[in-house]
file coords-v3.cif (mmCIF, C-alpha atoms (C1' of nucleotides))
data_upload
loop_
_atom_site.label_atom_id
_atom_site.label_comp_id
_atom_site.auth_asym_id
_atom_site.auth_seq_id
_atom_site.Cartn_x
_atom_site.Cartn_y
_atom_site.Cartn_z
CA MET M 1 24.62 59.41 73.96
CA THR M 2 23.20 62.87 74.28
CA ASP M 3 25.09 65.83 72.85
CA ARG M 4 25.28 67.50 76.21
CA PRO M 5 28.68 67.42 77.91
CA ARG M 6 29.06 65.27 80.96
CA ALA M 7 28.10 66.86 84.26
CA ASP M 8 31.65 66.92 85.65
CA ALA M 9 32.95 68.43 82.42
CA ARG M 10 30.45 71.26 82.56
CA ARG M 11 31.20 71.85 86.23
CA ASN M 12 34.92 72.02 85.58
CA HIS M 13 34.43 74.30 82.59
CA ASP M 14 32.60 76.85 84.69
CA LEU M 15 35.03 76.45 87.55
CA ILE M 16 37.99 77.18 85.29
CA VAL M 17 36.33 80.29 83.87
CA SER M 18 35.64 81.75 87.27
CA VAL M 19 39.10 80.97 88.63
CA ALA M 20 40.65 82.39 85.45
CA ALA M 21 38.73 85.64 85.94
CA GLU M 22 40.32 86.03 89.35
CA ALA M 23 43.77 85.09 88.13
CA PHE M 24 43.68 87.44 85.14
CA ALA M 25 42.46 90.26 87.36
CA GLU M 26 45.33 89.59 89.70
CA HIS M 27 48.24 88.86 87.37
CA GLY M 28 47.13 90.17 83.99
CA THR M 29 46.36 88.20 80.85
CA ASP M 30 49.59 86.26 81.03
CA ALA M 31 48.77 84.67 84.37
CA SER M 32 50.10 81.14 84.74
CA LEU M 33 47.65 78.58 83.33
CA ARG M 34 49.18 75.90 85.51
CA GLU M 35 48.43 78.06 88.53
CA ILE M 36 44.83 78.53 87.40
CA ALA M 37 44.42 74.76 87.13
CA ARG M 38 46.02 74.31 90.53
CA ARG M 39 43.72 76.87 92.14
CA ALA M 40 40.72 75.15 90.59
CA GLY M 41 41.95 71.84 92.02
CA LEU M 42 42.29 70.39 88.52
CA GLY M 43 45.06 68.93 86.41
CA ILE M 44 46.72 71.06 83.77
CA GLY M 45 45.55 68.60 81.12
CA THR M 46 41.94 69.26 82.02
CA LEU M 47 42.36 72.98 81.57
CA TYR M 48 43.97 72.52 78.15
CA ARG M 49 41.21 70.22 76.94
CA HIS M 50 38.55 72.73 77.85
CA PHE M 51 40.53 75.68 76.50
CA PRO M 52 43.19 74.63 73.99
CA THR M 53 44.66 78.13 73.87
CA ARG M 54 44.87 81.09 76.19
CA ASP M 55 42.76 83.03 73.69
CA ALA M 56 39.96 80.49 74.02
CA LEU M 57 39.89 81.09 77.75
CA LEU M 58 39.94 84.86 77.33
CA GLU M 59 37.21 84.58 74.75
CA ALA M 60 34.96 82.87 77.28
CA LEU M 61 35.57 85.77 79.66
CA LEU M 62 35.19 88.56 77.14
CA ARG M 63 32.31 87.49 74.96
CA GLN M 64 29.86 88.83 77.49
CA ASN M 65 31.47 92.25 77.43
CA PHE M 66 31.78 92.28 73.65
CA ASP M 67 28.09 91.55 73.39
CA ARG M 68 27.32 94.29 75.88
CA LEU M 69 29.33 96.79 73.82
CA ARG M 70 27.57 95.71 70.67
CA GLY M 71 24.22 96.23 72.34
CA LEU M 72 25.29 99.60 73.64
CA ALA M 73 26.22 100.73 70.14
CA GLU M 74 22.97 99.51 68.66
CA THR M 75 20.67 101.18 71.17
CA SER M 76 22.67 104.38 71.42
CA THR M 77 20.80 107.66 71.02
CA GLY M 78 21.56 111.37 71.18
CA ALA M 79 24.13 113.52 69.41
CA PRO M 80 26.02 111.22 67.00
CA ARG M 81 29.52 112.46 67.79
CA GLU M 82 29.06 112.31 71.54
CA ALA M 83 27.51 108.86 71.26
CA LEU M 84 30.53 107.61 69.31
CA VAL M 85 33.03 109.14 71.71
CA ARG M 86 31.17 107.77 74.71
CA TRP M 87 31.05 104.32 73.17
CA LEU M 88 34.75 104.34 72.33
CA GLY M 89 35.45 105.29 75.92
CA GLU M 90 33.48 102.26 76.98
CA VAL M 91 35.53 100.09 74.62
CA ALA M 92 38.78 101.51 75.94
CA ARG M 93 37.79 101.09 79.56
CA GLY M 94 36.64 97.54 78.86
CA SER M 95 40.09 96.83 77.44
CA THR M 96 41.71 97.69 80.75
CA THR M 97 39.82 95.26 82.99
CA TYR M 98 42.81 92.94 82.89
CA ARG M 99 46.36 94.18 82.52
CA GLY M 100 47.53 93.23 79.04
CA LEU M 101 44.03 92.92 77.67
CA SER M 102 44.36 95.79 75.20
CA GLU M 103 47.02 93.67 73.53
CA GLN M 104 44.56 90.85 72.96
CA VAL M 105 41.78 93.17 71.84
CA MET M 106 44.08 94.84 69.32
CA ALA M 107 45.09 91.44 68.00
CA ALA M 108 41.47 90.35 67.75
CA LEU M 109 40.66 93.48 65.79
CA VAL M 110 43.16 92.71 63.06
CA ASP M 111 44.27 89.10 63.19
CA GLU M 112 41.69 86.79 61.64
CA SER M 113 43.21 83.70 63.18
CA SER M 114 42.64 85.01 66.70
CA GLU M 115 40.03 83.13 68.68
CA LEU M 116 38.60 86.44 69.77
CA HIS M 117 38.27 87.69 66.22
CA ALA M 118 34.74 86.38 65.68
CA SER M 119 33.45 87.99 68.85
CA CYS M 120 35.15 91.19 67.84
CA VAL M 121 33.78 91.49 64.32
CA ALA M 122 30.21 91.99 65.47
CA MET M 123 31.32 94.70 67.85
CA ARG M 124 33.32 96.40 65.13
CA ALA M 125 30.30 96.38 62.84
CA ALA M 126 28.18 97.97 65.54
CA GLY M 127 30.82 100.62 66.02
CA ALA M 128 30.94 101.25 62.30
CA VAL M 129 27.25 102.12 62.32
CA LEU M 130 27.86 104.62 65.09
CA LEU M 131 30.75 106.11 63.16
CA ASP M 132 28.78 106.30 59.96
CA ARG M 133 25.96 108.16 61.66
CA ALA M 134 28.38 110.73 63.05
CA GLN M 135 30.01 111.15 59.66
CA ARG M 136 26.68 111.70 57.85
CA ASP M 137 25.91 114.23 60.54
CA GLY M 138 29.12 116.03 59.65
CA SER M 139 30.37 115.98 63.23
CA VAL M 140 33.17 113.51 62.47
CA ALA M 141 35.64 113.71 59.60
CA ALA M 142 34.58 111.60 56.63
CA ASP M 143 37.99 110.07 55.92
CA VAL M 144 38.23 108.03 59.12
CA THR M 145 37.50 104.30 59.16
CA ALA M 146 36.04 102.12 61.89
CA VAL M 147 39.24 100.13 62.26
CA GLU M 148 41.23 103.32 62.68
CA VAL M 149 38.98 104.66 65.36
CA LEU M 150 38.89 101.35 67.23
CA SER M 151 42.67 101.09 66.94
CA LEU M 152 42.96 104.49 68.55
CA ALA M 153 40.73 103.32 71.38
CA ALA M 154 42.87 100.22 71.89
CA GLY M 155 46.02 102.35 71.78
CA VAL M 156 44.57 104.69 74.37
CA ALA M 157 43.74 101.72 76.58
CA TRP M 158 47.27 100.43 76.16
CA VAL M 159 48.86 103.77 77.07
CA SER M 160 46.62 104.33 80.07
CA GLU M 161 47.48 100.86 81.35
CA ARG M 162 51.06 101.96 81.87
CA SER M 163 50.83 105.65 82.59
CA PRO M 164 49.08 107.84 85.12
CA ILE M 165 47.20 109.65 82.36
CA GLU M 166 43.55 108.66 82.35
CA VAL M 167 41.58 106.99 79.58
CA ASP M 168 39.15 109.87 79.14
CA ARG M 169 41.89 112.45 78.89
CA LEU M 170 43.84 110.49 76.29
CA LEU M 171 40.78 109.62 74.30
CA SER M 172 39.63 113.20 74.19
CA LEU M 173 43.07 114.22 72.94
CA ALA M 174 43.19 111.52 70.31
CA LEU M 175 39.66 112.13 69.07
CA ARG M 176 39.70 115.90 69.26
CA GLY M 177 40.57 116.20 65.62
CA ILE M 178 38.44 113.60 63.94
CA MET Y 1 95.28 98.64 87.95
CA THR Y 2 93.86 100.98 85.37
CA ASP Y 3 90.14 101.76 85.33
CA ARG Y 4 89.81 100.44 81.82
CA PRO Y 5 88.11 97.05 81.50
CA ARG Y 6 90.17 94.14 80.37
CA ALA Y 7 90.55 93.68 76.64
CA ASP Y 8 88.54 90.47 76.48
CA ALA Y 9 85.75 92.03 78.54
CA ARG Y 10 85.49 94.97 76.19
CA ARG Y 11 85.54 92.66 73.17
CA ASN Y 12 82.76 90.53 74.60
CA HIS Y 13 80.73 93.58 75.55
CA ASP Y 14 80.72 94.84 71.98
CA LEU Y 15 80.11 91.38 70.60
CA ILE Y 16 77.04 90.93 72.79
CA VAL Y 17 75.64 94.30 71.74
CA SER Y 18 75.97 93.54 68.06
CA VAL Y 19 74.53 90.03 68.35
CA ALA Y 20 71.68 91.39 70.49
CA ALA Y 21 70.85 93.95 67.81
CA GLU Y 22 70.37 91.11 65.31
CA ALA Y 23 68.40 88.98 67.73
CA PHE Y 24 66.06 91.80 68.77
CA ALA Y 25 65.49 92.70 65.13
CA GLU Y 26 64.64 89.08 64.43
CA HIS Y 27 62.59 88.04 67.45
CA GLY Y 28 61.57 91.33 69.10
CA THR Y 29 62.63 92.70 72.44
CA ASP Y 30 61.86 89.47 74.24
CA ALA Y 31 64.37 87.44 72.28
CA SER Y 32 66.03 84.70 74.31
CA LEU Y 33 69.09 86.00 76.16
CA ARG Y 34 70.50 82.49 76.34
CA GLU Y 35 70.26 82.30 72.56
CA ILE Y 36 72.06 85.64 72.22
CA ALA Y 37 74.88 84.34 74.40
CA ARG Y 38 74.99 81.12 72.41
CA ARG Y 39 75.18 82.99 69.09
CA ALA Y 40 77.98 85.14 70.46
CA GLY Y 41 79.83 81.98 71.48
CA LEU Y 42 79.70 83.02 75.14
CA GLY Y 43 78.29 81.60 78.35
CA ILE Y 44 75.06 82.93 79.72
CA GLY Y 45 76.88 84.08 82.86
CA THR Y 46 79.06 86.37 80.79
CA LEU Y 47 76.07 88.05 79.22
CA TYR Y 48 74.45 88.64 82.59
CA ARG Y 49 77.60 90.15 84.08
CA HIS Y 50 77.87 92.64 81.25
CA PHE Y 51 74.12 93.39 81.23
CA PRO Y 52 72.42 92.45 84.50
CA THR Y 53 68.98 93.12 83.04
CA ARG Y 54 67.37 93.06 79.65
CA ASP Y 55 66.81 96.79 79.96
CA ALA Y 56 70.52 97.37 80.37
CA LEU Y 57 71.11 95.62 77.08
CA LEU Y 58 68.36 97.56 75.35
CA GLU Y 59 69.72 100.76 76.79
CA ALA Y 60 73.07 100.10 75.14
CA LEU Y 61 71.27 99.69 71.83
CA LEU Y 62 68.93 102.64 72.18
CA ARG Y 63 71.06 105.36 73.72
CA GLN Y 64 72.43 106.25 70.30
CA ASN Y 65 68.96 106.74 68.90
CA PHE Y 66 67.76 108.64 71.96
CA ASP Y 67 70.68 111.00 71.57
CA ARG Y 68 69.95 111.43 67.89
CA LEU Y 69 66.33 112.32 68.67
CA ARG Y 70 67.42 114.80 71.28
CA GLY Y 71 69.77 116.42 68.78
CA LEU Y 72 67.05 116.51 66.16
CA ALA Y 73 64.73 118.33 68.54
CA GLU Y 74 67.38 120.85 69.52
CA THR Y 75 68.42 121.79 66.00
CA SER Y 76 64.94 121.75 64.55
CA THR Y 77 63.82 124.76 62.56
CA GLY Y 78 60.79 125.86 60.56
CA ALA Y 79 57.11 126.07 61.43
CA PRO Y 80 56.80 125.03 65.12
CA ARG Y 81 53.80 122.75 64.73
CA GLU Y 82 55.20 120.90 61.73
CA ALA Y 83 58.54 120.57 63.49
CA LEU Y 84 56.85 118.98 66.50
CA VAL Y 85 54.76 116.62 64.43
CA ARG Y 86 57.74 115.61 62.33
CA TRP Y 87 59.79 114.96 65.45
CA LEU Y 88 57.07 112.88 67.07
CA GLY Y 89 56.89 110.83 63.90
CA GLU Y 90 60.60 110.20 64.24
CA VAL Y 91 60.09 109.12 67.85
CA ALA Y 92 57.25 106.78 66.89
CA ARG Y 93 59.16 105.26 63.99
CA GLY Y 94 62.20 104.81 66.22
CA SER Y 95 59.99 102.89 68.64
CA THR Y 96 59.17 100.33 66.00
CA THR Y 97 62.70 99.24 65.08
CA TYR Y 98 62.26 96.18 67.24
CA ARG Y 99 58.93 94.51 67.80
CA GLY Y 100 57.89 95.20 71.38
CA LEU Y 101 60.11 98.25 71.71
CA SER Y 102 57.26 100.71 72.13
CA GLU Y 103 56.47 98.84 75.33
CA GLN Y 104 59.94 99.57 76.70
CA VAL Y 105 59.91 103.18 75.57
CA MET Y 106 56.56 103.77 77.20
CA ALA Y 107 57.88 102.23 80.42
CA ALA Y 108 61.00 104.36 80.27
CA LEU Y 109 58.88 107.46 79.83
CA VAL Y 110 57.02 106.89 83.08
CA ASP Y 111 58.80 104.39 85.28
CA GLU Y 112 61.73 105.99 87.09
CA SER Y 113 63.27 102.67 88.00
CA SER Y 114 63.68 101.70 84.37
CA GLU Y 115 67.25 101.54 83.16
CA LEU Y 116 66.19 103.41 80.06
CA HIS Y 117 64.63 106.21 82.05
CA ALA Y 118 67.75 108.34 82.28
CA SER Y 119 68.34 108.22 78.55
CA CYS Y 120 64.71 109.04 78.02
CA VAL Y 121 64.50 112.10 80.26
CA ALA Y 122 66.85 114.17 78.13
CA MET Y 123 64.86 113.30 75.05
CA ARG Y 124 61.63 114.23 76.78
CA ALA Y 125 63.07 117.57 77.80
CA ALA Y 126 64.10 118.28 74.22
CA GLY Y 127 60.60 117.40 73.06
CA ALA Y 128 59.13 119.68 75.69
CA VAL Y 129 61.02 122.62 74.19
CA LEU Y 130 59.61 121.80 70.78
CA LEU Y 131 56.12 121.57 72.23
CA ASP Y 132 56.48 124.81 74.12
CA ARG Y 133 57.54 126.65 71.01
CA ALA Y 134 54.51 125.39 69.13
CA GLN Y 135 52.23 126.37 71.99
CA ARG Y 136 53.64 129.92 72.21
CA ASP Y 137 53.10 130.10 68.49
CA GLY Y 138 49.46 129.22 69.03
CA SER Y 139 49.60 126.34 66.57
CA VAL Y 140 49.22 123.70 69.28
CA ALA Y 141 46.66 123.68 72.09
CA ALA Y 142 48.03 125.11 75.33
CA ASP Y 143 46.60 122.45 77.64
CA VAL Y 144 48.69 119.57 76.33
CA THR Y 145 51.77 118.33 78.19
CA ALA Y 146 54.98 116.81 76.88
CA VAL Y 147 54.29 113.47 78.54
CA GLU Y 148 50.87 113.32 76.94
CA VAL Y 149 52.16 114.01 73.49
CA LEU Y 150 55.00 111.49 73.86
CA SER Y 151 52.56 108.94 75.23
CA LEU Y 152 50.43 109.40 72.15
CA ALA Y 153 53.50 108.82 69.98
CA ALA Y 154 54.33 105.64 71.87
CA GLY Y 155 50.72 104.50 71.60
CA VAL Y 156 50.75 105.13 67.87
CA ALA Y 157 53.94 103.10 67.57
CA TRP Y 158 52.35 100.30 69.55
CA VAL Y 159 49.22 100.23 67.40
CA SER Y 160 51.12 100.37 64.14
CA GLU Y 161 53.28 97.46 65.29
CA ARG Y 162 50.25 95.19 65.21
CA SER Y 163 48.05 96.66 62.52
CA PRO Y 164 48.39 97.46 58.84
CA ILE Y 165 47.68 101.13 59.51
CA GLU Y 166 50.82 103.20 59.10
CA VAL Y 167 52.56 105.33 61.70
CA ASP Y 168 52.09 108.59 59.80
CA ARG Y 169 48.41 108.03 59.29
CA LEU Y 170 47.76 107.22 62.94
CA LEU Y 171 49.88 110.06 64.19
CA SER Y 172 48.16 112.57 61.96
CA LEU Y 173 44.80 111.34 63.29
CA ALA Y 174 45.90 111.49 66.90
CA LEU Y 175 47.54 114.89 66.60
CA ARG Y 176 44.96 116.49 64.36
CA GLY Y 177 43.21 118.05 67.29
CA ILE Y 178 46.01 119.27 69.48
"C1'" DA D 1 25.17 46.13 87.67
"C1'" DA D 2 28.33 46.30 84.17
"C1'" DA D 3 30.29 48.05 80.06
"C1'" DG D 4 32.28 51.57 77.61
"C1'" DT D 5 33.72 55.98 76.66
"C1'" DA D 6 34.11 60.87 77.87
"C1'" DT D 7 36.83 62.93 81.01
"C1'" DC D 8 40.58 63.55 84.12
"C1'" DG D 9 45.39 64.29 85.98
"C1'" DG D 10 50.11 64.71 86.00
"C1'" DA D 11 54.67 63.08 84.36
"C1'" DG D 12 57.56 64.83 80.91
"C1'" DC D 13 59.70 67.80 77.19
"C1'" DA D 14 61.70 71.89 75.71
"C1'" DC D 15 62.10 76.24 76.76
"C1'" DT D 16 62.66 80.66 79.71
"C1'" DG D 17 65.20 84.17 83.19
"C1'" DC D 18 68.54 84.33 86.50
"C1'" DT D 19 72.31 82.87 90.15
"C1'" DC D 20 76.40 81.07 91.77
"C1'" DC D 21 81.02 79.60 91.92
"C1'" DG D 22 85.16 76.80 90.33
"C1'" DG D 23 88.36 77.29 86.46
"C1'" DT D 24 90.72 80.36 83.11
"C1'" DT D 25 93.29 84.27 81.37
"C1'" DG D 26 94.64 89.01 80.71
"C1'" DT D 27 97.60 92.45 82.91
"C1'" DC D 28 100.73 94.78 85.70
"C1'" DA D 29 104.79 94.63 88.87
"C1'" DA D 30 108.99 92.59 89.86
"C1'" DT G 1 110.44 87.08 81.21
"C1'" DT G 2 107.90 85.50 84.73
"C1'" DG G 3 104.93 85.25 88.24
"C1'" DA G 4 100.75 86.49 91.03
"C1'" DC G 5 96.17 87.81 91.40
"C1'" DA G 6 92.12 89.91 90.35
"C1'" DA G 7 89.03 90.28 86.61
"C1'" DC G 8 86.73 87.53 83.86
"C1'" DC G 9 84.52 83.48 81.88
"C1'" DG G 10 81.25 79.53 81.38
"C1'" DG G 11 77.78 76.45 82.38
"C1'" DA G 12 75.42 73.50 85.81
"C1'" DG G 13 71.39 74.20 88.35
"C1'" DC G 14 66.91 76.19 90.20
"C1'" DA G 15 62.34 77.53 89.63
"C1'" DG G 16 59.26 78.67 86.59
"C1'" DT G 17 56.66 78.60 81.87
"C1'" DG G 18 53.45 76.53 77.81
"C1'" DC G 19 51.95 72.46 75.97
"C1'" DT G 20 51.40 67.14 74.89
"C1'" DC G 21 50.35 62.59 75.66
"C1'" DC G 22 48.36 58.59 77.61
"C1'" DG G 23 47.16 55.45 81.50
"C1'" DA G 24 43.71 55.83 85.21
"C1'" DT G 25 39.19 57.35 86.69
"C1'" DA G 26 34.28 57.90 87.02
"C1'" DC G 27 29.97 59.32 84.77
"C1'" DT G 28 26.01 57.46 81.84
"C1'" DT G 29 23.35 54.65 79.53
"C1'" DT G 30 21.80 50.13 78.44
#
call {"tool": "encode", "arguments": {"input": "coords-v3.cif", "output": "structure tokens"}}
result
Amino acid sequence: MTDRPRADARRNHDLIVSVAAEAFAEHGTDASLREIARRAGLGIGTLYRHFPTRDALLEALLRQNFDRLRGLAETSTGAPREALVRWLGEVARGSTTYRGLSEQVMAALVDESSELHASCVAMRAAGAVLLDRAQRDGSVAADVTAVEVLSLAAGVAWVSERSPIEVDRLLSLALRGI
Amino acid sequence: MTDRPRADARRNHDLIVSVAAEAFAEHGTDASLREIARRAGLGIGTLYRHFPTRDALLEALLRQNFDRLRGLAETSTGAPREALVRWLGEVARGSTTYRGLSEQVMAALVDESSELHASCVAMRAAGAVLLDRAQRDGSVAADVTAVEVLSLAAGVAWVSERSPIEVDRLLSLALRGI
DNA sequence: AAAGTATCGGAGCACTGCTCCGGTTGTCAA
DNA sequence: TTGACAACCGGAGCAGTGCTCCGATACTTT
């Protein structure tokens, strides 16, 4: 027995992820899991074994983006305030790739039992560094925390999901005073 | 035939509203309608005849508060900026009385087909007056619209629903710069 | 090639929103 | 008071959901 999963299992895993990406893009994060399984030509049981919860499936889709955002924060250069604002815009925009995603991201930010939480913590830490730099610089108010600023970004994403106002406009309003 | 509804219809209408208030407080705005009917000792058909949609039921519960907020805006006195901020806080807090309510309020703000929209328009107009006064005063930036500022309030309500950060704190952050 | 186990698939449960229509009952006129 | 009739009630039923459980399948390794 090797520790590698069986070939068919791996194939199905990847298949589910790619079908789920389509389905979430089409119907939002509460797309029917049964429908995803059907579209992948698999049984519902198979989907649930690979991804016991909806969060686990989302996590597989989002980890890549979370990592990208973390990298972006770490390699960011230039004026500290602008770098922070730009990065938060990226976070907010990333939270609108699927309708309903901001909900999940907000949950991951706060709820430790969320499957996305782990992926999110690293990103939050990277953001905190960006924030800290801007605060030392004096270009961002010293009394603001990383969680607060990320919450604002998630809130902005949420609002812009269901309103014609654009992410950048809302973010610039919300961050104007910090 | 009078135009008044039958006595039993009126009784059931009021009963449903009061049971729904409990249920929404307990389980959020997506509480089971069947369960509400059951708790009221009525059939599900009866509930749906009185309130064809969930929004219609919510509307019955929220109109009172919408009217109160409108009144508050109209009779408000004192420093224009503080009056606006205080009022928006009231709006945000009102949007957290049931879990998931901010979602509905945000929809009502934008979506004209929402059953809550009508009740919401009057409130928005009242808020616009408050905003306008603060802008003439110079204490609030001139480029901000009423919808934007109400969207921010709804977003704040949404965030504070699922985070330990409090409404007042978030609102003061979001409005600091306007 | 055969054994054995990881993997699969879907029937089934409890729930949801919502519709439809036969039976009941309040109400107004006679 | 009594009848007639429309307004009203109630729940069976449909199509969908998330999730579990276990007999059948098929991949791997010996």
call {"tool": "interface_residues", "arguments": {"input": "coords-v3.cif", "of": "chain D", "to": "chain M", "cutoff": "9 Å", "atoms": "all atoms listed in the file", "output": "PDB file with C-alpha atoms (C1' of nucleotides), in the coordinates of the input"}}
result
ATOM      1  C1'  DA D   6      34.110  60.870  77.870  1.00  0.00           C
ATOM      2  C1'  DT D   7      36.830  62.930  81.010  1.00  0.00           C
ATOM      3  C1'  DC D   8      40.580  63.550  84.120  1.00  0.00           C
ATOM      4  C1'  DG D   9      45.390  64.290  85.980  1.00  0.00           C
ATOM      5  C1'  DG D  10      50.110  64.710  86.000  1.00  0.00           C
TER       6       DG D  10
END
call {"tool": "resolve_selection", "arguments": {"input": "coords-v3.cif", "expression": "the PyMOL selection byres ((chain M and resi 156) around 9)", "output": "number ranges by chain"}}
result
M: 92, 102, 151-155, 157-161, 166-168, 170-171, 174; Y: 152, 155-156
call {"tool": "resolve_selection", "arguments": {"input": "coords-v3.cif", "expression": "the PyMOL selection byres ((chain G) within 12 of (chain M))", "output": "ChimeraX atom specification"}}
result
/G:16-22,26-30
call {"tool": "write_last_selection", "arguments": {"input": "coords-v3.cif", "atoms": "C-alpha atoms (C1' of nucleotides)", "output": "mmCIF file, keeping the file's coordinate frame"}}
result
data_model
loop_
_atom_site.group_PDB
_atom_site.id
_atom_site.type_symbol
_atom_site.label_atom_id
_atom_site.label_comp_id
_atom_site.auth_asym_id
_atom_site.auth_seq_id
_atom_site.Cartn_x
_atom_site.Cartn_y
_atom_site.Cartn_z
ATOM 1 C "C1'" DG G 16 59.260 78.670 86.590
ATOM 2 C "C1'" DT G 17 56.660 78.600 81.870
ATOM 3 C "C1'" DG G 18 53.450 76.530 77.810
ATOM 4 C "C1'" DC G 19 51.950 72.460 75.970
ATOM 5 C "C1'" DT G 20 51.400 67.140 74.890
ATOM 6 C "C1'" DC G 21 50.350 62.590 75.660
ATOM 7 C "C1'" DC G 22 48.360 58.590 77.610
ATOM 8 C "C1'" DA G 26 34.280 57.900 87.020
ATOM 9 C "C1'" DC G 27 29.970 59.320 84.770
ATOM 10 C "C1'" DT G 28 26.010 57.460 81.840
ATOM 11 C "C1'" DT G 29 23.350 54.650 79.530
ATOM 12 C "C1'" DT G 30 21.800 50.130 78.440
#
call {"tool": "resolve_selection", "arguments": {"input": "coords-v3.cif", "expression": "the PyMOL selection byres ((chain Y and resi 142-146) around 10)", "output": "ChimeraX atom specification"}}
result
/M:173 /Y:124-132,134-141,147-152,178
call {"tool": "residues_around", "arguments": {"input": "coords-v3.cif", "residues": "stretch 59-66 of chain Y", "least_positions_apart": "5", "cutoff": "9 Å", "atoms": "only C-alpha atoms (C1' of nucleotides)", "output": "PyMOL selection string"}}
result
chain Y and resi 17-18+20-21+54+71+91+94+115-116+119-120+122-123
call {"tool": "atom_distance", "arguments": {"input": "coords-v3.cif", "atom1": "atom CA of Y:Val19", "atom2": "atom CA of Y:Ser113"}}
result
25.9 Å
call {"tool": "atom_distance", "arguments": {"input": "coords-v3.cif", "atom1": "atom CA of M:His27", "atom2": "atom CA of M:Gly100"}}
result
9.4 Å
call {"tool": "closest_residue", "arguments": {"input": "coords-v3.cif", "among": "Y:Ala118, Y:Ile36, Y:Leu88, Y:Met106", "to": "chain M", "atoms": "all atoms listed in the file"}}
result
Y:Met106
call {"tool": "atom_distance", "arguments": {"input": "coords-v3.cif", "atom1": "atom CA of M:Ala23", "atom2": "atom CA of M:His50"}}
result
16.9 Å
call {"tool": "axis_aligned_box", "arguments": {"input": "coords-v3.cif", "around": "stretch 7-25 of chain G", "padding_each_side": "3 Å", "output": "JSON"}}
result
{"center_x": 64.1, "center_y": 72.9, "center_z": 82.5, "size_x": 55.8, "size_y": 40.8, "size_z": 21.3}
call {"tool": "residues_around", "arguments": {"input": "coords-v3.cif", "residues": "G:DG3", "least_positions_apart": "5", "cutoff": "12 Å", "atoms": "all atoms listed in the file", "output": "PyMOL selection string"}}
result
chain D and resi 27-30
